[in-house]
Amino acid sequence: MSKLVISDLHVDVLTEEGPKHILKGVNLTINPGEVHAIMGPNGSGKSTLAYSIAGHPKYEITSGSVTLDGIELTELTVDERGRAGLFLAMQYPVEVPGVSVANFLRTAKTALDGQAPKVRTWVKDVEAALGRMQLDKSFSSRSVNEGFSGGEKKRHEIAQLELLNPKAAILDETDSGLDIDALRVVSDGVNRYTAQGDRAVMLITHYTRILRYIEPTFVHVFVDGRIVADGGRELADKLEAEGYESYVALAK
Amino acid sequence: MTTPNVAGAVETIASHLHPSPSWNVSDHPMPTGLEEIWRFTPLERIQALLSEGGTLPGLAADCDLPTGVELTSAPIADLPKLAVEPPVDRVAALAAARAKEVAVLRIPAEVELAEPIVYTGTCAGGATAEALVLEVGAHARANLVMVFKGSGSYAAKYDVRIGDGAEVNLVYVNDWDDDAVHGGQISLLVGRDARVRTVQASLGGDVIRLQENARFAGPGGEIEQFGLYFVDAGQHVQHRLFVDHNAPKCRSNVDYRGALQGEGANSVWIGDVLIRKAAEGIETYEANKNLVLTDGCRADSVPNLEIETGEIEGAGHSSTTGRFDDLQLFYLRARGIPEAEARRLVVHGFFNDIIRRIGVPAVEERLQEQVEKELTLAAQAMGEGQ
């Protein structure tokens, strides 16, 4: 059971000109087994929502709360949030030169479980997870994300999602920059993860395209730092047809 | 006038950045610290390397030589005809003037050594000076590891002549005690189609200041120069590189990486590349990266590129100095990896690219140990700072 509850979340981004108010009271509850699509125009604060929940130092939570299974995440460090079961698939995964994918994954798994994974099964598990994302097993000896194409980086994120199997996952524009084949591969991975039935997923996206492959439980329209409309798949279809203009106009 | 200045460059100008080489100590006057080549150097701490005087002993050497490899000595007067080039600075000129003989290490042509030659030179305190000529015959394959230990001062003039088609890996581990002072010049001549890799690992000492020059004896040569250094409080480590692209179709790649910590830790990296008119079709890149672990450190990094022909494959350089990359730490920590462990991964990763190229397991382990030691020191320093 994994329940992610965001209550009246206000967040400032720290800029050189001083703090800038980005999130203006976000409320959202994701129950176990649910997939919530967060859709909004560029600059609406979608990524800020993802990064601030994960604890990125550039974002300051000024008020509100985020809990995962009752644990207050905002009081935890970045890695404590990870160990509490939160996972962020990043829009721009970071290159870490000289650190192999295998070493990175083993270190993460050890940190999450509190003990090293069994050597014999772990290597096979890693190869299988990479294989399901159509990443050759040679990727495990490559430096993390270094020299990966945009699509390979995204598939690597979802391989981690399946392998580390967190309680709750935030997918930040995982679909952007993917061709249709890669989009299917990534969506299949997310669907396998959600098929466990008790995981919480926040799917942040700019486009409706990925919702053809991942069935959302709810769709939320995100404009100017808050959720301005809720609905089901039909809301995504409406956005596809009409765009965000009417919501942006209302928010002004 | 639209013609670029380099169009009129005269081939006889070796480099605008380097003084004329000479065997005469008097051609290298005592520096004042204002000279371009001395402005980064703490002169008062290297007086032992700058002072004239009588003949000095060498290091206590320990080395097992494989069959076929010979180590002989020649009178010091023979050095000018054995060497690749004359000294380019006062430290090297004095090393040549004060060394008691020339050590000549010969790896014959077409010999392929399965095991690395490991040489350990120990300084027992006091002043030492040495001249070494390494000759690698055509099509030979060899790994040579030179480890320097102990305390005192060591002035060195090394000349390395690599035969056509040879493949050579030269690893220098400057593993000095805290009070040691090490300076000198290493001059490499890369034969036609030869492949040379050098690694400079500077781990200890009070001051290390090394000038490493490379040029080519013919087309098709390839040189990779890697370096890593750990500079702790009060230490000065200076690596000066000069690649002279004087032949066509050659390649060079310089990659030096360092970590600094503690009050007064100072690294200097000078990366000069000259591409002469004759050097058509060459490719060169040089990079220096410094990881600053605590406050109070200083990293000086100066890449220079002089280009006298545009008919090349590519030429570039980069230099970065900074603290931990926050994004890298965030990415690793977002996967549950604790901060200290994430820093370990990043620092090991930073140096791994160079360490894994050494190809001598014992040396690789020694350097990994040093990475761990530096991380422990840095963690303590950061803990105290809070």
# chains A, B, ... in the order shown; residues from 1 in each chain; ligands from 1
$ residues_around --residues "Glu157 (chain A)" --least-positions-apart "4" --cutoff "9 Å" --atoms "only C-alpha atoms" --output "JSON, numbers by chain"
{"A": [88, 89, 90, 93, 152, 153, 161, 162, 174]}
$ write_last_selection --atoms "all heavy atoms" --output "PDB file, in the first residue's frame"
ATOM      1  N   LEU A  88      12.061   9.420  -8.411  1.00  0.00           N
ATOM      2  CA  LEU A  88      11.847  10.454  -9.417  1.00  0.00           C
ATOM      3  C   LEU A  88      12.560  10.067 -10.701  1.00  0.00           C
ATOM      4  O   LEU A  88      13.783   9.943 -10.730  1.00  0.00           O
ATOM      5  CB  LEU A  88      12.383  11.812  -8.908  1.00  0.00           C
ATOM      6  CG  LEU A  88      12.450  12.947  -9.935  1.00  0.00           C
ATOM      7  CD1 LEU A  88      11.058  13.325 -10.440  1.00  0.00           C
ATOM      8  CD2 LEU A  88      13.140  14.178  -9.330  1.00  0.00           C
ATOM      9  N   ALA A  89      11.788   9.844 -11.760  1.00  0.00           N
ATOM     10  CA  ALA A  89      12.384   9.646 -13.083  1.00  0.00           C
ATOM     11  C   ALA A  89      12.537  11.032 -13.692  1.00  0.00           C
ATOM     12  O   ALA A  89      11.555  11.745 -13.874  1.00  0.00           O
ATOM     13  CB  ALA A  89      11.490   8.772 -13.953  1.00  0.00           C
ATOM     14  N   MET A  90      13.783  11.416 -13.942  1.00  0.00           N
ATOM     15  CA  MET A  90      14.030  12.812 -14.294  1.00  0.00           C
ATOM     16  C   MET A  90      13.845  13.108 -15.772  1.00  0.00           C
ATOM     17  O   MET A  90      14.088  12.269 -16.626  1.00  0.00           O
ATOM     18  CB  MET A  90      15.434  13.203 -13.859  1.00  0.00           C
ATOM     19  CG  MET A  90      15.543  13.204 -12.348  1.00  0.00           C
ATOM     20  SD  MET A  90      17.114  13.799 -11.776  1.00  0.00           S
ATOM     21  CE  MET A  90      17.124  12.995 -10.171  1.00  0.00           C
ATOM     22  N   PRO A  93      18.034  13.200 -17.149  1.00  0.00           N
ATOM     23  CA  PRO A  93      18.882  12.389 -16.268  1.00  0.00           C
ATOM     24  C   PRO A  93      20.342  12.854 -16.340  1.00  0.00           C
ATOM     25  O   PRO A  93      20.833  13.248 -17.399  1.00  0.00           O
ATOM     26  CB  PRO A  93      18.711  10.977 -16.831  1.00  0.00           C
ATOM     27  CG  PRO A  93      17.387  11.001 -17.520  1.00  0.00           C
ATOM     28  CD  PRO A  93      17.303  12.383 -18.117  1.00  0.00           C
ATOM     29  N   GLU A 152      17.756   6.683 -24.702  1.00  0.00           N
ATOM     30  CA  GLU A 152      18.418   5.698 -23.832  1.00  0.00           C
ATOM     31  C   GLU A 152      18.401   6.153 -22.379  1.00  0.00           C
ATOM     32  O   GLU A 152      18.219   5.352 -21.463  1.00  0.00           O
ATOM     33  CB  GLU A 152      19.863   5.473 -24.311  1.00  0.00           C
ATOM     34  CG  GLU A 152      19.943   4.622 -25.567  1.00  0.00           C
ATOM     35  CD  GLU A 152      21.300   4.673 -26.257  1.00  0.00           C
ATOM     36  OE1 GLU A 152      22.142   5.515 -25.898  1.00  0.00           O
ATOM     37  OE2 GLU A 152      21.499   3.865 -27.191  1.00  0.00           O
ATOM     38  N   LYS A 153      18.558   7.467 -22.183  1.00  0.00           N
ATOM     39  CA  LYS A 153      18.503   7.987 -20.807  1.00  0.00           C
ATOM     40  C   LYS A 153      17.140   7.727 -20.180  1.00  0.00           C
ATOM     41  O   LYS A 153      17.040   7.315 -19.026  1.00  0.00           O
ATOM     42  CB  LYS A 153      18.793   9.498 -20.797  1.00  0.00           C
ATOM     43  CG  LYS A 153      20.262   9.837 -20.993  1.00  0.00           C
ATOM     44  CD  LYS A 153      20.478  11.346 -20.970  1.00  0.00           C
ATOM     45  CE  LYS A 153      21.948  11.662 -21.235  1.00  0.00           C
ATOM     46  NZ  LYS A 153      22.203  13.088 -21.392  1.00  0.00           N
ATOM     47  N   LEU A 161      13.339   2.153 -12.401  1.00  0.00           N
ATOM     48  CA  LEU A 161      12.025   2.082 -11.743  1.00  0.00           C
ATOM     49  C   LEU A 161      11.639   0.621 -11.490  1.00  0.00           C
ATOM     50  O   LEU A 161      11.213   0.253 -10.401  1.00  0.00           O
ATOM     51  CB  LEU A 161      10.973   2.769 -12.618  1.00  0.00           C
ATOM     52  CG  LEU A 161       9.516   2.639 -12.148  1.00  0.00           C
ATOM     53  CD1 LEU A 161       9.280   3.473 -10.903  1.00  0.00           C
ATOM     54  CD2 LEU A 161       8.546   3.062 -13.256  1.00  0.00           C
ATOM     55  N   GLU A 162      11.814  -0.198 -12.527  1.00  0.00           N
ATOM     56  CA  GLU A 162      11.420  -1.607 -12.374  1.00  0.00           C
ATOM     57  C   GLU A 162      12.329  -2.346 -11.410  1.00  0.00           C
ATOM     58  O   GLU A 162      11.894  -3.198 -10.644  1.00  0.00           O
ATOM     59  CB  GLU A 162      11.456  -2.285 -13.747  1.00  0.00           C
ATOM     60  CG  GLU A 162      10.279  -1.892 -14.624  1.00  0.00           C
ATOM     61  CD  GLU A 162      10.024  -2.927 -15.694  1.00  0.00           C
ATOM     62  OE1 GLU A 162       9.522  -4.029 -15.346  1.00  0.00           O
ATOM     63  OE2 GLU A 162      10.358  -2.662 -16.866  1.00  0.00           O
ATOM     64  N   THR A 174       8.777  11.907 -18.822  1.00  0.00           N
ATOM     65  CA  THR A 174       9.517  10.752 -19.316  1.00  0.00           C
ATOM     66  C   THR A 174       9.255  10.534 -20.804  1.00  0.00           C
ATOM     67  O   THR A 174      10.067   9.942 -21.513  1.00  0.00           O
ATOM     68  CB  THR A 174       9.120   9.509 -18.495  1.00  0.00           C
ATOM     69  OG1 THR A 174       9.469   9.762 -17.136  1.00  0.00           O
ATOM     70  CG2 THR A 174       9.840   8.264 -18.951  1.00  0.00           C
TER      71      THR A 174
END
$ closest_atom_pairs --of "chain B" --to "chain A" --cutoff "9 Å" --atoms "only C-alpha atoms" --output "Markdown table"
| residue | atom | partner | partner_atom | distance |
| --- | --- | --- | --- | --- |
| B:Asp326 | CA | A:Pro57 | CA | 8.5 |
| B:Leu327 | CA | A:Val94 | CA | 6.7 |
| B:Gln328 | CA | A:Val94 | CA | 6.1 |
| B:Phe330 | CA | A:His56 | CA | 6.7 |
| B:Tyr331 | CA | A:Val94 | CA | 6.5 |
| B:Leu332 | CA | A:Ala108 | CA | 7.8 |
| B:Arg333 | CA | A:Asp79 | CA | 4.4 |
| B:Ala334 | CA | A:Gly82 | CA | 5.3 |
| B:Arg335 | CA | A:Gly82 | CA | 5.3 |
| B:Gly336 | CA | A:Gly82 | CA | 4.2 |
| B:Ile337 | CA | A:Ala108 | CA | 5.4 |
| B:Pro338 | CA | A:Asp79 | CA | 5.5 |
| B:Glu339 | CA | A:Asp79 | CA | 7.2 |
| B:Glu341 | CA | A:Thr107 | CA | 8.5 |
| B:Leu345 | CA | A:Val99 | CA | 6.5 |
| B:Val346 | CA | A:Val96 | CA | 7.0 |
| B:Val347 | CA | A:Gly98 | CA | 8.8 |
| B:His348 | CA | A:Gly98 | CA | 7.2 |
| B:Gly349 | CA | A:Gly98 | CA | 3.6 |
| B:Phe350 | CA | A:Gly98 | CA | 5.8 |
| B:Phe351 | CA | A:Gly98 | CA | 7.3 |
| B:Asn352 | CA | A:Gly98 | CA | 5.5 |
| B:Asp353 | CA | A:Gly98 | CA | 5.7 |
$ select_by_dssp --residues "region 59-263 of chain B" --states "alpha helix (DSSP H)" --output "MDAnalysis selection string"
chainID B and resid 79:82 90:98
$ write_last_selection --atoms "N, CA and C atoms" --output "mmCIF file, in the first residue's frame"
data_model
loop_
_atom_site.group_PDB
_atom_site.id
_atom_site.type_symbol
_atom_site.label_atom_id
_atom_site.label_comp_id
_atom_site.auth_asym_id
_atom_site.auth_seq_id
_atom_site.Cartn_x
_atom_site.Cartn_y
_atom_site.Cartn_z
ATOM 1 N N LEU B 79 75.585 13.533 -21.996
ATOM 2 C CA LEU B 79 74.135 13.796 -21.967
ATOM 3 C C LEU B 79 73.636 14.614 -23.166
ATOM 4 N N PRO B 80 74.333 15.709 -23.544
ATOM 5 C CA PRO B 80 73.798 16.488 -24.680
ATOM 6 C C PRO B 80 73.598 15.662 -25.945
ATOM 7 N N LYS B 81 74.463 14.686 -26.202
ATOM 8 C CA LYS B 81 74.264 13.922 -27.441
ATOM 9 C C LYS B 81 73.263 12.778 -27.274
ATOM 10 N N LEU B 82 73.026 12.352 -26.028
ATOM 11 C CA LEU B 82 72.038 11.292 -25.784
ATOM 12 C C LEU B 82 70.616 11.855 -25.640
ATOM 13 N N ARG B 90 65.815 26.387 -15.371
ATOM 14 C CA ARG B 90 66.980 26.324 -14.486
ATOM 15 C C ARG B 90 67.026 25.006 -13.702
ATOM 16 N N VAL B 91 65.867 24.493 -13.283
ATOM 17 C CA VAL B 91 65.859 23.257 -12.501
ATOM 18 C C VAL B 91 66.424 22.104 -13.331
ATOM 19 N N ALA B 92 65.997 22.015 -14.574
ATOM 20 C CA ALA B 92 66.468 20.938 -15.448
ATOM 21 C C ALA B 92 67.943 21.133 -15.803
ATOM 22 N N ALA B 93 68.349 22.383 -16.020
ATOM 23 C CA ALA B 93 69.751 22.665 -16.352
ATOM 24 C C ALA B 93 70.655 22.273 -15.190
ATOM 25 N N LEU B 94 70.205 22.578 -13.970
ATOM 26 C CA LEU B 94 71.002 22.214 -12.798
ATOM 27 C C LEU B 94 70.990 20.707 -12.555
ATOM 28 N N ALA B 95 69.866 20.060 -12.839
ATOM 29 C CA ALA B 95 69.812 18.601 -12.710
ATOM 30 C C ALA B 95 70.873 17.974 -13.614
ATOM 31 N N ALA B 96 70.955 18.486 -14.851
ATOM 32 C CA ALA B 96 71.941 17.962 -15.805
ATOM 33 C C ALA B 96 73.358 18.318 -15.372
ATOM 34 N N ALA B 97 73.524 19.505 -14.804
ATOM 35 C CA ALA B 97 74.869 19.963 -14.419
ATOM 36 C C ALA B 97 75.370 19.258 -13.162
ATOM 37 N N ARG B 98 74.469 18.892 -12.276
ATOM 38 C CA ARG B 98 74.902 18.369 -10.973
ATOM 39 C C ARG B 98 74.774 16.852 -10.847
#
$ residues_around --residues "Arg226 (chain A)" --least-positions-apart "2" --cutoff "7 Å" --atoms "only C-alpha atoms" --output "ChimeraX atom specification"
/A:23-26,222-224,228
$ write_last_selection --atoms "N, CA and C atoms" --output "PDB file, in the first residue's frame"
ATOM      1  N   LEU A  23       5.055  27.290  -6.801  1.00  0.00           N
ATOM      2  CA  LEU A  23       3.893  26.463  -6.461  1.00  0.00           C
ATOM      3  C   LEU A  23       3.024  27.199  -5.446  1.00  0.00           C
ATOM      4  N   LYS A  24       1.739  27.302  -5.775  1.00  0.00           N
ATOM      5  CA  LYS A  24       0.856  28.181  -5.001  1.00  0.00           C
ATOM      6  C   LYS A  24      -0.307  27.407  -4.400  1.00  0.00           C
ATOM      7  N   GLY A  25       0.036  26.355  -3.675  1.00  0.00           N
ATOM      8  CA  GLY A  25      -1.009  25.598  -2.987  1.00  0.00           C
ATOM      9  C   GLY A  25      -1.469  24.404  -3.794  1.00  0.00           C
ATOM     10  N   VAL A  26      -0.643  23.348  -3.821  1.00  0.00           N
ATOM     11  CA  VAL A  26      -1.000  22.144  -4.567  1.00  0.00           C
ATOM     12  C   VAL A  26      -1.613  21.126  -3.606  1.00  0.00           C
ATOM     13  N   PHE A 222      -2.625  21.499 -14.758  1.00  0.00           N
ATOM     14  CA  PHE A 222      -1.746  22.251 -13.865  1.00  0.00           C
ATOM     15  C   PHE A 222      -1.371  23.561 -14.541  1.00  0.00           C
ATOM     16  N   VAL A 223      -1.772  24.679 -13.942  1.00  0.00           N
ATOM     17  CA  VAL A 223      -1.497  25.990 -14.524  1.00  0.00           C
ATOM     18  C   VAL A 223      -1.104  26.942 -13.400  1.00  0.00           C
ATOM     19  N   ASP A 224      -0.073  27.719 -13.634  1.00  0.00           N
ATOM     20  CA  ASP A 224       0.357  28.758 -12.704  1.00  0.00           C
ATOM     21  C   ASP A 224       0.518  28.235 -11.269  1.00  0.00           C
ATOM     22  N   VAL A 228      -5.867  23.232 -11.585  1.00  0.00           N
ATOM     23  CA  VAL A 228      -7.040  24.067 -11.866  1.00  0.00           C
ATOM     24  C   VAL A 228      -8.228  23.254 -12.385  1.00  0.00           C
TER      25      VAL A 228
END
$ residues_around --residues "Thr74 (chain A)" --least-positions-apart "4" --cutoff "9 Å" --atoms "only C-alpha atoms" --output "short mmCIF file (atom, residue, chain, number, x, y, z; two decimals) with C-alpha atoms, in the first residue's frame"
data_model
loop_
_atom_site.label_atom_id
_atom_site.label_comp_id
_atom_site.auth_asym_id
_atom_site.auth_seq_id
_atom_site.Cartn_x
_atom_site.Cartn_y
_atom_site.Cartn_z
CA SER A 52 10.52 19.84 -4.72
CA ILE A 53 8.87 16.58 -3.65
CA ALA A 54 12.19 14.80 -4.29
CA GLY A 55 14.07 17.46 -2.28
CA ILE A 61 9.13 24.39 0.44
CA GLY A 64 2.46 22.58 3.12
CA SER A 65 3.21 18.91 3.39
CA VAL A 66 3.93 15.80 1.35
CA THR A 67 3.46 12.41 2.96
CA ARG A 81 13.09 10.36 0.76
#
$ atom_distance --atom1 "CA of Leu235 (chain A)" --atom2 "CA of Ser176 (chain A)"
20.0 Å
$ residues_around --residues "Gly232 (chain A)" --least-positions-apart "4" --cutoff "12 Å" --atoms "only C-alpha atoms" --output "PyMOL selection string"
chain A and resi 34-39+211+215-221+236-239
$ write_last_selection --atoms "N, CA, C and O atoms" --output "PDB file, in the first residue's frame"
ATOM      1  N   GLU A  34      -3.102   3.921  -8.140  1.00  0.00           N
ATOM      2  CA  GLU A  34      -3.602   4.971  -9.034  1.00  0.00           C
ATOM      3  C   GLU A  34      -2.475   5.619  -9.845  1.00  0.00           C
ATOM      4  O   GLU A  34      -1.355   5.770  -9.380  1.00  0.00           O
ATOM      5  N   VAL A  35      -2.845   6.018 -11.069  1.00  0.00           N
ATOM      6  CA  VAL A  35      -1.933   6.786 -11.922  1.00  0.00           C
ATOM      7  C   VAL A  35      -2.563   8.153 -12.153  1.00  0.00           C
ATOM      8  O   VAL A  35      -3.666   8.245 -12.698  1.00  0.00           O
ATOM      9  N   HIS A  36      -1.874   9.211 -11.688  1.00  0.00           N
ATOM     10  CA  HIS A  36      -2.388  10.562 -11.876  1.00  0.00           C
ATOM     11  C   HIS A  36      -1.540  11.289 -12.907  1.00  0.00           C
ATOM     12  O   HIS A  36      -0.338  11.445 -12.715  1.00  0.00           O
ATOM     13  N   ALA A  37      -2.176  11.702 -13.981  1.00  0.00           N
ATOM     14  CA  ALA A  37      -1.460  12.472 -15.000  1.00  0.00           C
ATOM     15  C   ALA A  37      -1.573  13.952 -14.651  1.00  0.00           C
ATOM     16  O   ALA A  37      -2.670  14.453 -14.398  1.00  0.00           O
ATOM     17  N   ILE A  38      -0.421  14.619 -14.595  1.00  0.00           N
ATOM     18  CA  ILE A  38      -0.396  16.066 -14.363  1.00  0.00           C
ATOM     19  C   ILE A  38      -0.026  16.709 -15.692  1.00  0.00           C
ATOM     20  O   ILE A  38       1.065  16.500 -16.207  1.00  0.00           O
ATOM     21  N   MET A  39      -0.976  17.475 -16.245  1.00  0.00           N
ATOM     22  CA  MET A  39      -0.738  18.058 -17.563  1.00  0.00           C
ATOM     23  C   MET A  39      -0.783  19.572 -17.470  1.00  0.00           C
ATOM     24  O   MET A  39      -1.636  20.136 -16.803  1.00  0.00           O
ATOM     25  N   LEU A 211      -0.641   9.000 -22.929  1.00  0.00           N
ATOM     26  CA  LEU A 211      -1.858   8.471 -22.304  1.00  0.00           C
ATOM     27  C   LEU A 211      -2.595   7.495 -23.226  1.00  0.00           C
ATOM     28  O   LEU A 211      -3.558   6.864 -22.828  1.00  0.00           O
ATOM     29  N   GLU A 215      -2.902   4.105 -19.047  1.00  0.00           N
ATOM     30  CA  GLU A 215      -4.260   4.510 -18.696  1.00  0.00           C
ATOM     31  C   GLU A 215      -4.230   5.293 -17.385  1.00  0.00           C
ATOM     32  O   GLU A 215      -3.868   4.763 -16.338  1.00  0.00           O
ATOM     33  N   PRO A 216      -4.593   6.584 -17.423  1.00  0.00           N
ATOM     34  CA  PRO A 216      -4.577   7.348 -16.176  1.00  0.00           C
ATOM     35  C   PRO A 216      -5.850   7.116 -15.360  1.00  0.00           C
ATOM     36  O   PRO A 216      -6.937   6.994 -15.923  1.00  0.00           O
ATOM     37  N   THR A 217      -5.696   7.060 -14.038  1.00  0.00           N
ATOM     38  CA  THR A 217      -6.871   6.991 -13.174  1.00  0.00           C
ATOM     39  C   THR A 217      -7.541   8.362 -13.136  1.00  0.00           C
ATOM     40  O   THR A 217      -8.755   8.481 -13.182  1.00  0.00           O
ATOM     41  N   PHE A 218      -6.681   9.397 -13.037  1.00  0.00           N
ATOM     42  CA  PHE A 218      -7.165  10.777 -13.057  1.00  0.00           C
ATOM     43  C   PHE A 218      -6.242  11.633 -13.912  1.00  0.00           C
ATOM     44  O   PHE A 218      -5.068  11.338 -14.049  1.00  0.00           O
ATOM     45  N   VAL A 219      -6.828  12.694 -14.461  1.00  0.00           N
ATOM     46  CA  VAL A 219      -6.038  13.686 -15.188  1.00  0.00           C
ATOM     47  C   VAL A 219      -6.249  15.036 -14.493  1.00  0.00           C
ATOM     48  O   VAL A 219      -7.378  15.391 -14.145  1.00  0.00           O
ATOM     49  N   HIS A 220      -5.143  15.753 -14.253  1.00  0.00           N
ATOM     50  CA  HIS A 220      -5.229  17.074 -13.621  1.00  0.00           C
ATOM     51  C   HIS A 220      -4.588  18.109 -14.534  1.00  0.00           C
ATOM     52  O   HIS A 220      -3.535  17.845 -15.114  1.00  0.00           O
ATOM     53  N   VAL A 221      -5.227  19.255 -14.628  1.00  0.00           N
ATOM     54  CA  VAL A 221      -4.627  20.344 -15.406  1.00  0.00           C
ATOM     55  C   VAL A 221      -3.898  21.255 -14.430  1.00  0.00           C
ATOM     56  O   VAL A 221      -4.457  21.679 -13.412  1.00  0.00           O
ATOM     57  N   ALA A 236      -8.082  14.741 -20.811  1.00  0.00           N
ATOM     58  CA  ALA A 236      -6.895  14.710 -21.680  1.00  0.00           C
ATOM     59  C   ALA A 236      -7.308  14.888 -23.142  1.00  0.00           C
ATOM     60  O   ALA A 236      -6.656  15.611 -23.902  1.00  0.00           O
ATOM     61  N   ASP A 237      -8.397  14.226 -23.531  1.00  0.00           N
ATOM     62  CA  ASP A 237      -8.880  14.351 -24.911  1.00  0.00           C
ATOM     63  C   ASP A 237      -9.274  15.794 -25.220  1.00  0.00           C
ATOM     64  O   ASP A 237      -9.012  16.307 -26.306  1.00  0.00           O
ATOM     65  N   LYS A 238      -9.901  16.448 -24.228  1.00  0.00           N
ATOM     66  CA  LYS A 238     -10.300  17.846 -24.399  1.00  0.00           C
ATOM     67  C   LYS A 238      -9.059  18.726 -24.579  1.00  0.00           C
ATOM     68  O   LYS A 238      -9.028  19.624 -25.425  1.00  0.00           O
ATOM     69  N   LEU A 239      -8.015  18.452 -23.755  1.00  0.00           N
ATOM     70  CA  LEU A 239      -6.780  19.234 -23.864  1.00  0.00           C
ATOM     71  C   LEU A 239      -6.138  19.044 -25.228  1.00  0.00           C
ATOM     72  O   LEU A 239      -5.607  19.973 -25.822  1.00  0.00           O
TER      73      LEU A 239
END
$ residues_around --residues "Gly262 (chain B)" --least-positions-apart "6" --cutoff "8 Å" --atoms "only C-alpha atoms" --output "list in words"
Asp232, Ala233, Gly234, Thr294, Asp295, Gly296, Cys297 and Ala381 of chain B
$ select_by_dssp --residues "region 25-161 of chain A" --states "strand (DSSP E or B)" --output "ChimeraX atom specification"
/A:25-30,35-39,59-68,71-72,86-89,96-100,143-144
$ residues_around --residues "Ile223 (chain B)" --least-positions-apart "2" --cutoff "9 Å" --atoms "only C-alpha atoms" --output "tab-separated table (two decimals) with C-alpha atoms, in the first residue's frame"
chain	number	residue	atom	x	y	z
B	190	VAL	CA	57.64	9.97	-30.25
B	194	ALA	CA	54.50	5.01	-32.18
B	195	ARG	CA	51.88	5.03	-29.45
B	196	VAL	CA	52.81	6.49	-26.11
B	197	ARG	CA	50.81	6.88	-22.95
B	198	THR	CA	52.10	8.65	-19.88
B	214	ALA	CA	56.59	15.92	-26.22
B	221	GLY	CA	52.62	9.19	-33.77
B	225	GLN	CA	49.20	12.13	-21.32
B	250	CYS	CA	49.84	12.80	-35.29
B	251	ARG	CA	47.45	12.76	-32.36
B	252	SER	CA	47.76	14.06	-28.83
B	253	ASN	CA	45.39	13.97	-25.88
B	254	VAL	CA	46.11	15.46	-22.48
$ closest_residue --among "B:Tyr119, B:Trp269, B:Tyr229, B:Tyr256" --to "Gln370 (chain B)" --atoms "only C-alpha atoms"
B:Tyr229
$ atom_distance --atom1 "CA of Ala124 (chain B)" --atom2 "CA of Gly54 (chain B)"
18.4 Å
$ closest_residue --among "A:Gly225, A:Asp230, A:Val190, A:Asp181" --to "Lys20 (chain A)" --atoms "only C-alpha atoms"
A:Gly225
$ atom_distance --atom1 "CA of Ala217 (chain B)" --atom2 "CA of Ala247 (chain B)"
7.4 Å
$ closest_residue --among "A:Leu68, A:Asp136, A:Ile210, A:Pro19" --to "Glu240 (chain A)" --atoms "only C-alpha atoms"
A:Ile210
$ closest_residue --among "B:Ala315, B:Ala201, B:Ala378, B:Leu260" --to "Arg366 (chain B)" --atoms "only C-alpha atoms"
B:Ala201
